[in-house]
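File shown: entry_39.tsv. Contents: TSV, C-alpha atoms.
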```
chain	number	residue	atom	x	y	z
A	21	MET	CA	0.00	0.00	0.00
A	22	THR	CA	1.23	3.46	-0.81
A	23	GLU	CA	0.22	6.70	0.80
A	24	SER	CA	-1.44	7.99	-2.40
A	25	VAL	CA	-3.66	4.91	-2.58
A	26	LEU	CA	-4.85	5.40	0.99
A	27	ARG	CA	-5.58	9.11	1.03
A	28	GLU	CA	-9.07	8.81	-0.47
A	29	ARG	CA	-11.59	6.00	-0.37
A	30	HIS	CA	-15.28	5.24	-0.52
A	31	VAL	CA	-16.82	3.31	2.38
A	32	THR	CA	-20.29	2.06	3.25
A	33	LEU	CA	-21.76	2.41	6.72
A	34	ARG	CA	-23.77	-0.33	8.44
A	35	ASP	CA	-27.00	1.41	7.40
A	36	GLY	CA	-25.94	1.41	3.73
A	37	GLU	CA	-25.00	5.10	3.52
A	38	THR	CA	-22.00	5.67	1.23
A	39	VAL	CA	-19.29	7.97	2.48
A	40	PHE	CA	-16.20	9.47	0.85
A	41	LEU	CA	-13.07	9.77	3.03
A	42	ARG	CA	-10.51	12.29	1.82
A	43	PRO	CA	-7.96	14.76	3.16
A	44	LEU	CA	-9.42	17.83	4.87
A	45	THR	CA	-8.82	21.08	2.95
A	46	PRO	CA	-9.20	24.73	3.99
A	47	GLN	CA	-12.30	24.93	1.77
A	48	ASP	CA	-13.97	22.43	4.12
A	49	GLY	CA	-14.26	25.20	6.70
A	50	ALA	CA	-17.58	26.06	5.03
A	51	LEU	CA	-18.90	22.59	5.99
A	52	TYR	CA	-18.12	22.95	9.70
A	53	PRO	CA	-21.16	25.04	10.82
A	54	ASP	CA	-23.64	22.45	9.49
A	55	PHE	CA	-21.50	19.60	10.85
A	56	LEU	CA	-21.17	21.14	14.31
A	57	SER	CA	-24.91	21.86	14.47
A	58	GLU	CA	-25.34	18.09	14.88
A	59	VAL	CA	-22.62	17.57	17.50
A	60	THR	CA	-23.89	17.78	21.08
A	61	PRO	CA	-22.15	19.95	23.67
A	62	ASP	CA	-21.29	16.73	25.53
A	63	ASP	CA	-19.57	15.28	22.45
A	64	LEU	CA	-17.64	18.54	22.04
A	65	ARG	CA	-16.55	18.23	25.68
A	66	LEU	CA	-15.45	14.63	25.14
A	67	ARG	CA	-13.39	15.73	22.11
A	68	PHE	CA	-11.89	18.99	23.41
A	69	PHE	CA	-11.80	18.13	27.17
A	70	ALA	CA	-13.58	21.36	28.07
A	71	PRO	CA	-17.22	22.40	28.26
A	72	MET	CA	-18.28	24.24	25.13
A	73	ARG	CA	-21.58	24.97	23.47
A	74	GLN	CA	-20.03	25.76	20.11
A	75	VAL	CA	-16.71	25.85	18.32
A	76	SER	CA	-15.40	29.35	17.62
A	77	PRO	CA	-14.57	30.46	14.07
A	78	ASP	CA	-10.94	30.90	15.23
A	79	LEU	CA	-10.76	27.26	16.32
A	80	ILE	CA	-12.28	26.12	13.02
A	81	GLU	CA	-9.59	28.12	11.20
A	82	ARG	CA	-6.87	26.39	13.23
A	83	LEU	CA	-8.44	22.97	12.56
A	84	ILE	CA	-8.59	23.39	8.77
A	85	HIS	CA	-5.10	24.86	8.37
A	86	TYR	CA	-2.42	22.30	9.20
A	87	ASP	CA	1.06	21.49	7.96
A	88	PRO	CA	0.79	18.29	5.87
A	89	GLN	CA	4.43	17.52	6.70
A	90	LYS	CA	3.53	17.27	10.41
A	91	ALA	CA	-0.15	16.37	10.39
A	92	MET	CA	-2.93	14.75	8.47
A	93	ALA	CA	-6.67	15.17	8.71
A	94	PHE	CA	-9.40	13.25	6.92
A	95	ILE	CA	-13.00	14.29	6.46
A	96	ALA	CA	-15.97	11.99	5.89
A	97	ILE	CA	-18.50	13.34	3.38
A	98	ALA	CA	-21.94	11.82	2.75
A	99	GLU	CA	-21.93	11.03	-0.96
A	100	ALA	CA	-25.68	11.62	-1.33
A	101	SER	CA	-25.82	15.05	0.36
A	102	GLY	CA	-22.24	16.35	0.38
A	103	ARG	CA	-22.53	16.99	4.13
A	104	MET	CA	-19.58	16.60	6.50
A	105	LEU	CA	-20.10	13.60	8.79
A	106	GLY	CA	-16.85	13.47	10.74
A	107	VAL	CA	-13.18	14.30	10.89
A	108	VAL	CA	-10.13	12.43	12.19
A	109	ARG	CA	-6.75	14.11	12.71
A	110	LEU	CA	-3.24	12.95	13.38
A	111	HIS	CA	-0.48	15.32	14.52
A	112	ASP	CA	3.17	14.30	14.77
A	113	ASP	CA	4.56	14.62	18.28
A	114	PRO	CA	7.15	17.40	18.40
A	115	GLY	CA	10.57	16.04	19.33
A	116	SER	CA	9.44	12.42	19.18
A	117	GLU	CA	10.03	10.98	15.75
A	118	GLY	CA	7.65	8.29	14.60
A	119	THR	CA	4.79	9.01	17.00
A	120	ALA	CA	1.63	11.03	16.50
A	121	GLU	CA	-1.53	11.90	18.42
A	122	PHE	CA	-5.00	11.38	16.97
A	123	ALA	CA	-8.39	13.01	17.60
A	124	ILE	CA	-11.77	12.24	16.08
A	125	LEU	CA	-15.22	13.87	16.04
A	126	LEU	CA	-18.45	12.66	14.43
A	127	ARG	CA	-21.99	13.93	14.11
A	128	THR	CA	-23.57	12.69	17.31
A	129	ARG	CA	-26.32	10.72	15.52
A	130	LEU	CA	-23.67	8.66	13.70
A	131	LYS	CA	-22.02	7.23	16.80
A	132	GLY	CA	-22.43	3.45	16.68
A	133	HIS	CA	-22.96	3.33	12.89
A	134	GLY	CA	-19.40	2.24	12.07
A	135	LEU	CA	-18.15	5.59	10.77
A	136	GLY	CA	-15.72	6.19	13.65
A	137	TRP	CA	-14.31	2.67	13.22
A	138	LEU	CA	-13.80	3.19	9.46
A	139	MET	CA	-12.22	6.62	9.96
A	140	MET	CA	-9.84	5.31	12.63
A	141	LYS	CA	-8.77	2.43	10.37
A	142	HIS	CA	-8.21	4.91	7.53
A	143	MET	CA	-6.08	7.11	9.82
A	144	ILE	CA	-4.09	4.09	11.07
A	145	ALA	CA	-3.42	2.90	7.50
A	146	ASN	CA	-2.20	6.36	6.54
A	147	ALA	CA	-0.02	6.55	9.66
A	148	LYS	CA	1.61	3.25	8.68
A	149	ALA	CA	2.06	4.45	5.09
A	150	LYS	CA	3.76	7.59	6.40
A	151	GLY	CA	6.20	5.41	8.34
A	152	LEU	CA	5.02	6.27	11.84
A	153	THR	CA	5.66	3.69	14.56
A	154	THR	CA	3.07	4.66	17.18
A	155	VAL	CA	-0.32	6.39	17.28
A	156	HIS	CA	-1.74	7.58	20.60
A	157	GLY	CA	-4.49	9.69	22.05
A	158	GLN	CA	-6.08	10.86	25.26
A	159	VAL	CA	-9.61	9.74	26.08
A	160	LEU	CA	-11.72	10.80	29.03
A	161	THR	CA	-12.35	7.79	31.30
A	162	GLU	CA	-16.11	8.33	30.95
A	163	ASN	CA	-15.93	7.99	27.14
A	164	ALA	CA	-16.61	4.24	27.24
A	165	THR	CA	-17.58	4.05	23.56
A	166	MET	CA	-14.25	5.49	22.41
A	167	LEU	CA	-12.27	3.35	24.83
A	168	GLN	CA	-14.05	0.21	23.61
A	169	MET	CA	-13.40	1.10	19.96
A	170	CYS	CA	-9.72	1.73	20.70
A	171	GLU	CA	-9.47	-1.62	22.49
A	172	GLU	CA	-11.09	-3.41	19.53
A	173	LEU	CA	-8.62	-1.69	17.19
A	174	GLY	CA	-5.70	-3.01	19.28
A	175	PHE	CA	-4.78	0.07	21.30
A	176	HIS	CA	-3.23	-0.41	24.74
A	177	THR	CA	-4.95	1.60	27.49
A	178	ALA	CA	-3.37	3.09	30.61
A	179	ASP	CA	-4.17	5.82	33.12
A	180	ASP	CA	-2.71	9.17	32.13
A	181	PRO	CA	-0.08	9.87	34.82
A	182	LEU	CA	-0.54	13.63	34.45
A	183	GLU	CA	-4.33	13.99	34.21
A	184	ARG	CA	-6.88	12.40	36.49
A	185	GLY	CA	-9.91	10.98	34.67
A	186	VAL	CA	-7.99	10.55	31.43
A	187	LYS	CA	-6.76	7.39	29.72
A	188	VAL	CA	-3.88	7.23	27.26
A	189	VAL	CA	-4.50	4.86	24.36
A	190	THR	CA	-1.45	3.73	22.40
A	191	LEU	CA	-1.20	1.66	19.23
A	192	PRO	CA	2.22	0.35	18.20
A	193	LEU	CA	1.72	0.21	14.44
A	194	ALA	CA	3.98	-2.85	14.10
A	195	GLU	CA	1.28	-4.78	15.97
A	196	VAL	CA	-1.39	-3.95	13.36
A	197	PRO	CA	-1.66	-6.82	10.86
A	198	ALA	CA	-1.85	-5.71	7.22
A	199	GLU	CA	-5.09	-7.61	6.75
A	200	ALA	CA	-6.72	-5.52	9.47
A	201	LEU	CA	-6.36	-2.35	7.40
A	202	PRO	CA	-8.36	-1.11	4.44
```

Go ahead and express the file in the form of structure tokens.
Amino acid sequence: MTESVLRERHVTLRDGETVFLRPLTPQDGALYPDFLSEVTPDDLRLRFFAPMRQVSPDLIERLIHYDPQKAMAFIAIAEASGRMLGVVRLHDDPGSEGTAEFAILLRTRLKGHGLGWLMMKHMIANAKAKGLTTVHGQVLTENATMLQMCEELGFHTADDPLERGVKVVTLPLAEVPAEALP
């Protein structure tokens, strides 16, 4: 598998909806207001680790502008409507070659439909193609759905030594069998 092959792909959710996964571009900023209108404040808190009712335009600007040498972000677009369904990001750790931190956010109604799983697998495949060795993230202890998905994907889970109520999930990419990826 090469990186160019993995960057875009069409997937089908459990309910039959077809979705296009592709790199996030600055033009996708226009899709964020509609997307975020269907993300609950609790899901925003689980993603950003802080209470928030909405995402500021400044934060959206920072999310859509990233250095592709140090980060990657993939957006899920509903093929039928063109609406943004989710986004997964991966940022290289500064000063730690080969490792990167992920984050993911979906429309709340799509949790449990398989989209998060497909987006995580897409991100993991691209991380391997980039030559990374480890992917990790922080997950609030109460986010049982995310912790279960990470466990099913092969992540190791441990208490965050610096933040109470937070788990660190780590996936050594050498442990991911090729047949487990898209």

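When only C-alpha atoms are used to measure the gap to Phe94 of chain A, the shortest distance among A:Leu152, A:Ile144, A:Leu79, A:Val59 belongs to A:Ile144.
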
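Residue nearest Glu162 of chain A, chosen from A:Glu195, A:Asp63, A:Asp113, A:Glu121 and counting all atoms listed in the file: A:Asp63.
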
Can you tell me, as AutoDock Vina command-line options, the centre and edge lengths (Å, one decimal) of the axis-aligned box enclosing all of segment 144-151 of chain A's listed atoms after padding each side by 6 Å?
```
--center_x 1.1 --center_y 5.2 --center_z 8.1 --size_x 22.3 --size_y 16.7 --size_z 18.0
```

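Taking only C-alpha atoms into account, Ala96 of chain A lies nearest to A:Leu41 out of the set A:Leu64, A:Leu41, A:Ala145, A:Leu135.
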
Margin query: Using only C-alpha atoms, which protein or nucleic acid residues come within 9 Å of Met143 of chain A? Drop anything in the same chain fewer than 6 positions from it, and give the result as a PyMOL selection string.
Written below: chain A and resi 92-94+108-110+122

Check which residues of segment 37-156 of chain A sit at most 12 Å from segment 165-183 of chain A using only C-alpha atoms, and return one row each with the closest pair of atoms and their distance in Å to one decimal, ordered by chain and rising number, as a Markdown table.
```
| residue | atom | partner | partner_atom | distance |
| --- | --- | --- | --- | --- |
| A:Asp63 | CA | A:Met166 | CA | 11.1 |
| A:Leu66 | CA | A:Met166 | CA | 9.6 |
| A:Arg67 | CA | A:Met166 | CA | 10.3 |
| A:Phe69 | CA | A:Glu183 | CA | 11.1 |
| A:Phe122 | CA | A:Cys170 | CA | 11.4 |
| A:Ala123 | CA | A:Met166 | CA | 10.7 |
| A:Ile124 | CA | A:Met166 | CA | 9.6 |
| A:Leu125 | CA | A:Met166 | CA | 10.6 |
| A:Leu126 | CA | A:Met166 | CA | 11.5 |
| A:Lys131 | CA | A:Thr165 | CA | 8.7 |
| A:Gly132 | CA | A:Thr165 | CA | 8.4 |
| A:His133 | CA | A:Thr165 | CA | 12.0 |
| A:Gly134 | CA | A:Met169 | CA | 10.0 |
| A:Leu135 | CA | A:Met169 | CA | 11.3 |
| A:Gly136 | CA | A:Met169 | CA | 8.4 |
| A:Trp137 | CA | A:Met169 | CA | 7.0 |
| A:Leu138 | CA | A:Leu173 | CA | 10.5 |
| A:Met139 | CA | A:Met169 | CA | 11.5 |
| A:Met140 | CA | A:Leu173 | CA | 8.4 |
| A:Lys141 | CA | A:Leu173 | CA | 8.0 |
| A:His142 | CA | A:Leu173 | CA | 11.7 |
| A:Met143 | CA | A:Leu173 | CA | 11.8 |
| A:Ile144 | CA | A:Leu173 | CA | 9.6 |
| A:Ala145 | CA | A:Leu173 | CA | 11.9 |
| A:Thr154 | CA | A:Phe175 | CA | 10.0 |
| A:Val155 | CA | A:Phe175 | CA | 8.7 |
| A:His156 | CA | A:Phe175 | CA | 8.1 |
```
